[in-house]
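Engineer: Here you go, this is my_file37.cif (mmCIF, C-alpha atoms and all ligand atoms).
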```
data_protein
loop_
_atom_site.label_atom_id
_atom_site.label_comp_id
_atom_site.auth_asym_id
_atom_site.auth_seq_id
_atom_site.Cartn_x
_atom_site.Cartn_y
_atom_site.Cartn_z
CA MET B 1 7.77 26.70 -3.25
CA SER B 2 5.77 23.48 -3.10
CA ASN B 3 2.50 23.05 -4.94
CA LEU B 4 0.75 23.28 -1.59
CA GLY B 5 1.76 26.90 -1.33
CA LEU B 6 4.21 26.25 1.49
CA GLY B 7 7.72 27.49 0.92
CA ARG B 8 10.86 27.94 2.99
CA GLY B 9 10.10 29.01 6.53
CA SER B 10 6.79 27.15 6.65
CA GLY B 11 8.54 24.36 8.55
CA VAL B 12 7.11 21.83 6.10
CA ASP B 13 9.52 20.25 3.63
CA TYR B 14 7.69 18.31 0.93
CA THR B 15 10.86 17.56 -1.03
CA LYS B 16 12.03 14.61 1.06
CA GLY B 17 9.66 11.74 0.42
CA MET B 18 6.41 10.91 2.15
CA VAL B 19 5.69 13.06 5.22
CA LEU B 20 4.73 10.82 8.14
CA GLY B 21 2.99 11.49 11.44
CA VAL B 22 3.30 8.85 14.16
CA LEU B 23 0.89 8.19 17.05
CA GLY B 24 2.10 5.91 19.86
CA SER B 25 1.42 5.14 23.49
CA GLY B 26 4.54 3.20 24.48
CA SER B 27 8.17 2.47 23.78
CA GLY B 28 8.21 3.46 20.12
CA SER B 29 10.39 0.63 18.83
CA ASN B 30 8.31 0.55 15.63
CA MET B 31 8.84 4.28 15.12
CA GLN B 32 12.55 3.64 15.66
CA ALA B 33 12.45 0.96 12.97
CA ILE B 34 10.85 3.48 10.58
CA LEU B 35 13.60 6.01 11.41
CA ASP B 36 16.28 3.35 10.92
CA ALA B 37 14.88 2.51 7.47
CA ILE B 38 14.88 6.21 6.57
CA ASP B 39 18.50 6.52 7.78
CA ALA B 40 19.49 3.43 5.82
CA GLY B 41 18.01 4.94 2.67
CA THR B 42 15.51 2.11 2.22
CA LEU B 43 12.46 4.30 2.97
CA ASP B 44 12.00 7.66 1.27
CA ALA B 45 10.12 9.45 4.02
CA ARG B 46 10.40 11.84 6.91
CA ILE B 47 8.65 11.90 10.30
CA ALA B 48 7.28 15.40 10.86
CA LEU B 49 5.38 14.91 14.11
CA VAL B 50 5.05 12.31 16.89
CA LEU B 51 2.03 12.45 19.19
CA SER B 52 1.32 10.37 22.26
CA ASP B 53 -1.63 10.04 24.61
CA ASN B 54 0.88 9.20 27.36
CA PRO B 55 3.17 12.07 28.38
CA GLU B 56 5.60 9.54 29.91
CA ALA B 57 5.85 7.36 26.79
CA TYR B 58 9.40 6.61 25.65
CA ILE B 59 8.33 7.20 22.04
CA LEU B 60 8.33 10.95 22.85
CA GLU B 61 11.91 10.75 24.18
CA ARG B 62 13.07 8.90 21.09
CA ALA B 63 11.48 11.55 18.87
CA LYS B 64 12.89 14.49 20.86
CA ASN B 65 16.37 12.95 20.72
CA ARG B 66 16.05 13.05 16.94
CA GLY B 67 14.83 16.64 16.89
CA ILE B 68 11.35 15.57 15.74
CA ALA B 69 8.40 17.72 16.86
CA THR B 70 6.30 16.03 19.54
CA GLY B 71 3.03 16.62 21.32
CA VAL B 72 0.75 15.08 23.91
CA ILE B 73 -2.83 14.11 23.11
CA ASP B 74 -4.73 14.99 26.27
CA CYS B 75 -7.71 12.67 26.56
CA GLY B 76 -8.85 14.34 29.75
CA GLY B 77 -8.35 11.42 32.10
CA PHE B 78 -10.26 8.88 30.00
CA ARG B 79 -8.27 5.62 30.12
CA THR B 80 -9.23 4.25 26.70
CA LYS B 81 -11.70 6.73 25.16
CA PHE B 82 -10.48 9.06 22.39
CA PRO B 83 -13.08 11.88 22.53
CA GLU B 84 -14.31 13.26 19.21
CA GLU B 85 -13.14 16.82 19.89
CA ILE B 86 -9.66 15.52 20.77
CA GLN B 87 -9.59 13.53 17.52
CA ALA B 88 -10.42 16.76 15.65
CA ILE B 89 -7.56 18.58 17.39
CA THR B 90 -5.23 15.68 16.61
CA ALA B 91 -6.21 15.77 12.93
CA ALA B 92 -5.56 19.52 12.79
CA ARG B 93 -2.12 19.15 14.38
CA LEU B 94 -1.17 16.45 11.88
CA GLN B 95 -2.44 18.53 8.96
CA GLU B 96 -0.58 21.63 10.18
CA ALA B 97 2.63 19.58 10.25
CA GLY B 98 2.07 18.64 6.60
CA VAL B 99 1.51 14.96 7.38
CA GLU B 100 0.48 12.85 4.38
CA LEU B 101 0.39 9.42 6.03
CA VAL B 102 -0.42 8.67 9.68
CA CYS B 103 1.28 5.64 11.27
CA LEU B 104 -0.21 4.18 14.45
CA ALA B 105 2.70 2.53 16.25
CA GLY B 106 1.51 0.98 19.48
CA PHE B 107 -1.27 3.55 19.82
CA LEU B 108 -3.79 2.03 22.19
CA ARG B 109 -6.93 4.09 21.49
CA LEU B 110 -9.52 3.47 18.78
CA VAL B 111 -9.33 6.02 15.99
CA LYS B 112 -12.75 7.10 14.70
CA GLN B 113 -14.28 10.07 12.93
CA PRO B 114 -13.27 12.87 12.51
CA LEU B 115 -9.62 11.74 12.39
CA LEU B 116 -10.45 9.02 9.85
CA ALA B 117 -12.23 11.52 7.62
CA ALA B 118 -9.24 13.89 7.73
CA PHE B 119 -6.92 11.16 6.39
CA PRO B 120 -9.06 8.84 4.23
CA SER B 121 -7.15 5.58 3.49
CA ARG B 122 -4.06 7.28 4.90
CA ILE B 123 -3.93 5.89 8.43
CA LEU B 124 -1.92 2.70 8.97
CA ASN B 125 -1.71 0.47 12.03
CA ILE B 126 0.65 -2.31 13.04
CA HIS B 127 -0.90 -5.21 14.91
CA PRO B 128 0.97 -8.08 16.62
CA ALA B 129 -1.02 -10.98 15.10
CA LEU B 130 -2.07 -12.37 11.74
CA LEU B 131 -5.36 -10.50 11.41
CA PRO B 132 -8.22 -11.29 11.35
CA ALA B 133 -6.94 -13.60 14.13
CA PHE B 134 -6.52 -12.10 17.58
CA PRO B 135 -7.63 -8.45 17.27
CA GLY B 136 -7.52 -6.22 20.34
CA LEU B 137 -4.99 -6.07 23.13
CA GLU B 138 -2.09 -8.42 24.00
CA SER B 139 -2.55 -10.52 20.89
CA TRP B 140 0.60 -12.51 21.63
CA LYS B 141 -1.06 -13.75 24.84
CA GLN B 142 -4.23 -14.55 22.93
CA ALA B 143 -2.15 -16.60 20.46
CA LEU B 144 -0.42 -18.56 23.25
CA ASP B 145 -3.72 -19.20 25.04
CA ALA B 146 -5.24 -20.47 21.78
CA GLY B 147 -2.35 -22.92 21.31
CA VAL B 148 -1.58 -21.91 17.72
CA THR B 149 1.79 -22.91 16.23
CA GLU B 150 2.12 -19.74 14.19
CA SER B 151 1.31 -16.08 14.73
CA GLY B 152 2.81 -12.95 13.24
CA CYS B 153 2.09 -9.32 12.53
CA THR B 154 -0.05 -7.25 10.20
CA VAL B 155 0.06 -3.72 8.83
CA HIS B 156 -3.40 -2.59 7.73
CA PHE B 157 -5.35 0.51 6.84
CA VAL B 158 -7.41 1.79 9.75
CA ASP B 159 -11.19 1.85 9.43
CA ASP B 160 -13.78 2.41 12.14
CA GLY B 161 -13.63 -1.18 13.44
CA MET B 162 -11.13 -2.68 15.84
CA ASP B 163 -8.19 -3.98 13.73
CA THR B 164 -10.52 -4.64 10.79
CA GLY B 165 -9.23 -2.46 7.92
CA PRO B 166 -7.80 -3.74 4.62
CA ILE B 167 -4.53 -5.63 5.08
CA ILE B 168 -1.39 -4.20 3.44
CA LEU B 169 1.28 -6.74 4.49
CA GLN B 170 1.71 -9.61 6.94
CA GLU B 171 4.69 -11.58 8.23
CA ARG B 172 4.42 -15.01 9.83
CA VAL B 173 6.24 -15.83 13.08
CA PRO B 174 6.49 -19.34 14.58
CA VAL B 175 5.29 -20.03 18.11
CA LEU B 176 8.01 -22.15 19.73
CA ALA B 177 7.74 -24.76 22.49
CA GLY B 178 8.39 -23.04 25.80
CA ASP B 179 7.46 -19.59 24.53
CA THR B 180 6.31 -17.12 27.17
CA PRO B 181 4.15 -14.11 26.29
CA GLU B 182 7.33 -12.01 26.48
CA SER B 183 9.45 -14.24 24.23
CA LEU B 184 6.70 -14.52 21.62
CA HIS B 185 6.06 -10.77 21.64
CA ALA B 186 9.80 -10.09 21.26
CA ARG B 187 9.97 -12.41 18.20
CA ILE B 188 6.86 -10.78 16.71
CA GLN B 189 8.37 -7.33 17.28
CA MET B 190 11.48 -8.28 15.28
CA ALA B 191 9.14 -9.05 12.39
CA GLU B 192 7.18 -5.84 12.98
CA HIS B 193 10.34 -3.79 12.61
CA ARG B 194 10.86 -5.25 9.11
CA LEU B 195 7.21 -5.11 8.15
CA TYR B 196 6.26 -1.51 8.99
CA PRO B 197 8.86 0.20 6.76
CA ALA B 198 8.02 -2.26 3.96
CA ALA B 199 4.30 -1.49 4.25
CA ILE B 200 4.89 2.28 4.21
CA ARG B 201 7.05 1.82 1.11
CA LYS B 202 4.23 -0.13 -0.56
CA VAL B 203 1.57 2.46 0.29
CA ALA B 204 3.82 5.35 -0.77
CA ALA B 205 4.50 3.67 -4.11
CA GLU B 206 0.77 3.20 -4.71
CA LEU B 207 0.05 6.84 -3.81
CA ASP B 208 2.75 8.12 -6.18
C1 LIG F 1 3.68 -3.38 19.07
O1 LIG F 1 3.96 -4.73 19.28
C2 LIG F 1 2.37 -3.20 18.34
O2 LIG F 1 2.12 -4.21 17.42
C3 LIG F 1 1.39 -3.26 19.47
O3 LIG F 1 1.99 -2.51 20.50
C4 LIG F 1 3.40 -2.68 20.41
C5 LIG F 1 4.05 -1.30 20.46
O4 LIG F 1 5.43 -1.41 20.55
N1 LIG F 1 0.13 -2.72 19.09
C6 LIG F 1 -1.03 -3.22 19.48
O5 LIG F 1 -1.13 -4.17 20.23
C7 LIG F 1 -2.26 -2.52 18.91
N2 LIG F 1 -3.43 -3.30 19.10
P1 LIG F 1 6.37 -0.16 20.26
O6 LIG F 1 5.82 1.01 21.09
O7 LIG F 1 7.72 -0.59 20.76
O8 LIG F 1 6.34 0.11 18.78
#
```
Would you mind writing the structure in this file as structure tokens?
Structural biologist:
Amino acid sequence: MSNLGLGRGSGVDYTKGMVLGVLGSGSGSNMQAILDAIDAGTLDARIALVLSDNPEAYILERAKNRGIATGVIDCGGFRTKFPEEIQAITAARLQEAGVELVCLAGFLRLVKQPLLAAFPSRILNIHPALLPAFPGLESWKQALDAGVTESGCTVHFVDDGMDTGPIILQERVPVLAGDTPESLHARIQMAEHRLYPAAIRKVAAELD
């Protein structure tokens, strides 16, 4: 029996490292990188639940193929809005699954209260730029348009701003002559896949 009063049959296993919940809107390659690190034994964690605001998102397929519980966040037709009552439902689903740390992995809606309040300093986001540079969408395009010679990626705690929370880790990525938005994003994603597991490890160690 765990100290949270949940024993066998509760569906929640607190004995295998940090319990993660993942929110994503797209392909889920960052979630895959987290799973790969868990499989490789370099990250002591387990993904208990994957939620997406896009029922067609490949991240849900990846999770189902691994036997991970999934769910759809129904934002009622709003393209970018994440209504407060839906955030409350999302928080409850994560809590019911025993999630200790929430990882946004390509989740394209702004998290606000009450989800933030349900997981204080326990929601992480990965962003494809060296924050505070290039917040928002398609940061790799913003970097190319700005003509910088270096970009990268950032894992940070989520606060109620857009990509503004305290930075946990960053990795630099060069912008090469002839880069297209696609080639730069692909190089940044390779760095992201190293960075996210490392950042979760760092946060988990500090929470221990
Ligand atoms: C990642 O590059 C992530 O940094 C970015 O979406 C992609 C998701 O890829 N997130 C943002 O731009 C958030 N502002 P994935 O679904 O393959 O992990």
Engineer: With all atoms listed in the file counted, collect every polymer residue having an atom within 9 Å of ligand LIG 1 (chain F); state the result as a tab-separated table (two decimals) with C-alpha atoms, in the coordinates of the input.
Structural biologist:
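Result file out20.tsv:
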```tsv
chain	number	residue	atom	x	y	z
B	24	GLY	CA	2.10	5.91	19.86
B	25	SER	CA	1.42	5.14	23.49
B	26	GLY	CA	4.54	3.20	24.48
B	27	SER	CA	8.17	2.47	23.78
B	28	GLY	CA	8.21	3.46	20.12
B	29	SER	CA	10.39	0.63	18.83
B	30	ASN	CA	8.31	0.55	15.63
B	31	MET	CA	8.84	4.28	15.12
B	32	GLN	CA	12.55	3.64	15.66
B	33	ALA	CA	12.45	0.96	12.97
B	57	ALA	CA	5.85	7.36	26.79
B	58	TYR	CA	9.40	6.61	25.65
B	59	ILE	CA	8.33	7.20	22.04
B	104	LEU	CA	-0.21	4.18	14.45
B	105	ALA	CA	2.70	2.53	16.25
B	106	GLY	CA	1.51	0.98	19.48
B	107	PHE	CA	-1.27	3.55	19.82
B	108	LEU	CA	-3.79	2.03	22.19
B	109	ARG	CA	-6.93	4.09	21.49
B	125	ASN	CA	-1.71	0.47	12.03
B	126	ILE	CA	0.65	-2.31	13.04
B	127	HIS	CA	-0.90	-5.21	14.91
B	128	PRO	CA	0.97	-8.08	16.62
B	129	ALA	CA	-1.02	-10.98	15.10
B	135	PRO	CA	-7.63	-8.45	17.27
B	136	GLY	CA	-7.52	-6.22	20.34
B	137	LEU	CA	-4.99	-6.07	23.13
B	138	GLU	CA	-2.09	-8.42	24.00
B	139	SER	CA	-2.55	-10.52	20.89
B	140	TRP	CA	0.60	-12.51	21.63
B	153	CYS	CA	2.09	-9.32	12.53
B	154	THR	CA	-0.05	-7.25	10.20
B	155	VAL	CA	0.06	-3.72	8.83
B	162	MET	CA	-11.13	-2.68	15.84
B	163	ASP	CA	-8.19	-3.98	13.73
B	185	HIS	CA	6.06	-10.77	21.64
B	186	ALA	CA	9.80	-10.09	21.26
B	188	ILE	CA	6.86	-10.78	16.71
B	189	GLN	CA	8.37	-7.33	17.28
B	192	GLU	CA	7.18	-5.84	12.98
B	193	HIS	CA	10.34	-3.79	12.61
```
Engineer: Kindly indicate which residue among B:Ala177, B:Cys103, B:Cys75, B:Val22 lies nearest to Leu51 (chain B), using only C-alpha atoms for the distances.
Structural biologist: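 That would be B:Val22, the residue with the smallest distance to Leu51 (chain B).
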Engineer: Restricting the calculation to all atoms listed in the file: of B:Leu101, B:Leu124, B:Leu116, B:Val175, which residue gets closest to Gln87 (chain B)?
Structural biologist: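 Of B:Leu101, B:Leu124, B:Leu116, B:Val175, the one nearest Gln87 (chain B), counting all atoms listed in the file, is B:Leu116.
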Engineer: Quick one: residues within 7 Å of Ala63 (chain B), only C-alpha atoms counted, chain neighbours fewer than 5 positions away excluded, as a list of chain:residue names?
Structural biologist: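 My reading of the contact set: B:Val50, B:Ile68, B:Thr70.
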Engineer: Excluding same-chain residues fewer than 2 positions from Leu20 (chain B), what lies within 8 Å of it counting all atoms listed in the file, as a VMD selection string?
Structural biologist: chain B and resid 18 22 45 to 49 99 to 103
Engineer: Nearest to Val203 (chain B): which of B:Ile73, B:Ile123, B:Val111, B:Ala92 is it, counting all atoms listed in the file?
Structural biologist: B:Ile123
Engineer: Kindly add all heavy atoms to the incomplete region 117-128 of chain B and provide the output as a short mmCIF file (atom, residue, chain, number, x, y, z; two decimals), in the coordinates of the input.
Structural biologist:
```
data_model
loop_
_atom_site.label_atom_id
_atom_site.label_comp_id
_atom_site.auth_asym_id
_atom_site.auth_seq_id
_atom_site.Cartn_x
_atom_site.Cartn_y
_atom_site.Cartn_z
N ALA B 117 -11.78 10.73 8.77
CA ALA B 117 -12.23 11.52 7.62
C ALA B 117 -11.15 12.50 7.16
O ALA B 117 -11.09 12.85 5.98
CB ALA B 117 -13.51 12.28 7.98
N ALA B 118 -10.30 12.93 8.08
CA ALA B 118 -9.24 13.89 7.73
C ALA B 118 -8.13 13.21 6.93
O ALA B 118 -7.42 13.88 6.17
CB ALA B 118 -8.66 14.52 9.00
N PHE B 119 -7.98 11.89 7.09
CA PHE B 119 -6.92 11.16 6.39
C PHE B 119 -7.51 9.88 5.77
O PHE B 119 -7.16 8.77 6.18
CB PHE B 119 -5.77 10.81 7.36
CG PHE B 119 -4.98 12.00 7.79
CD1 PHE B 119 -5.32 12.70 8.94
CD2 PHE B 119 -3.90 12.45 7.04
CE1 PHE B 119 -4.61 13.82 9.35
CE2 PHE B 119 -3.18 13.57 7.43
CZ PHE B 119 -3.52 14.25 8.59
N PRO B 120 -8.39 10.03 4.78
CA PRO B 120 -9.06 8.84 4.23
C PRO B 120 -8.05 7.89 3.58
O PRO B 120 -7.26 8.30 2.74
CB PRO B 120 -10.04 9.41 3.21
CG PRO B 120 -9.61 10.82 2.97
CD PRO B 120 -8.82 11.28 4.14
N SER B 121 -8.07 6.62 3.99
CA SER B 121 -7.15 5.58 3.49
C SER B 121 -5.69 5.99 3.67
O SER B 121 -4.83 5.59 2.91
CB SER B 121 -7.40 5.25 2.02
OG SER B 121 -8.69 4.72 1.89
N ARG B 122 -5.44 6.82 4.65
CA ARG B 122 -4.06 7.28 4.90
C ARG B 122 -3.67 7.12 6.36
O ARG B 122 -2.80 7.83 6.85
CB ARG B 122 -3.89 8.73 4.45
CG ARG B 122 -3.74 8.83 2.93
CD ARG B 122 -3.70 10.25 2.50
NE ARG B 122 -3.55 10.32 1.05
CZ ARG B 122 -2.44 10.76 0.45
NH1 ARG B 122 -1.41 11.15 1.15
NH2 ARG B 122 -2.39 10.81 -0.86
N ILE B 123 -4.34 6.21 7.06
CA ILE B 123 -3.93 5.89 8.43
C ILE B 123 -3.62 4.39 8.47
O ILE B 123 -4.44 3.55 8.10
CB ILE B 123 -5.02 6.24 9.46
CG1 ILE B 123 -5.42 7.71 9.33
CG2 ILE B 123 -4.51 5.94 10.87
CD1 ILE B 123 -6.46 8.17 10.34
N LEU B 124 -2.39 4.08 8.89
CA LEU B 124 -1.92 2.70 8.97
C LEU B 124 -1.77 2.29 10.43
O LEU B 124 -1.50 3.14 11.29
CB LEU B 124 -0.54 2.57 8.30
CG LEU B 124 -0.43 2.38 6.79
CD1 LEU B 124 -1.28 3.37 6.04
CD2 LEU B 124 1.02 2.46 6.34
N ASN B 125 -1.93 0.99 10.67
CA ASN B 125 -1.71 0.47 12.03
C ASN B 125 -0.89 -0.81 11.93
O ASN B 125 -1.04 -1.57 10.97
CB ASN B 125 -3.06 0.17 12.69
CG ASN B 125 -2.88 -0.39 14.10
OD1 ASN B 125 -2.09 0.14 14.89
ND2 ASN B 125 -3.60 -1.45 14.44
N ILE B 126 -0.04 -1.03 12.94
CA ILE B 126 0.65 -2.31 13.04
C ILE B 126 0.05 -3.08 14.19
O ILE B 126 -0.19 -2.53 15.27
CB ILE B 126 2.18 -2.15 13.19
CG1 ILE B 126 2.86 -3.52 13.15
CG2 ILE B 126 2.58 -1.39 14.45
CD1 ILE B 126 4.13 -3.57 12.39
N HIS B 127 -0.22 -4.38 13.92
CA HIS B 127 -0.90 -5.21 14.91
C HIS B 127 -0.10 -6.51 15.10
O HIS B 127 0.28 -7.14 14.12
CB HIS B 127 -2.33 -5.51 14.46
CG HIS B 127 -3.09 -6.28 15.48
ND1 HIS B 127 -3.61 -5.68 16.61
CD2 HIS B 127 -3.34 -7.61 15.60
CE1 HIS B 127 -4.19 -6.61 17.36
NE2 HIS B 127 -4.03 -7.78 16.78
N PRO B 128 0.09 -6.93 16.36
CA PRO B 128 0.97 -8.08 16.62
C PRO B 128 0.26 -9.44 16.51
O PRO B 128 0.33 -10.26 17.42
CB PRO B 128 1.46 -7.81 18.04
CG PRO B 128 0.35 -7.06 18.68
CD PRO B 128 -0.30 -6.24 17.61
#
```
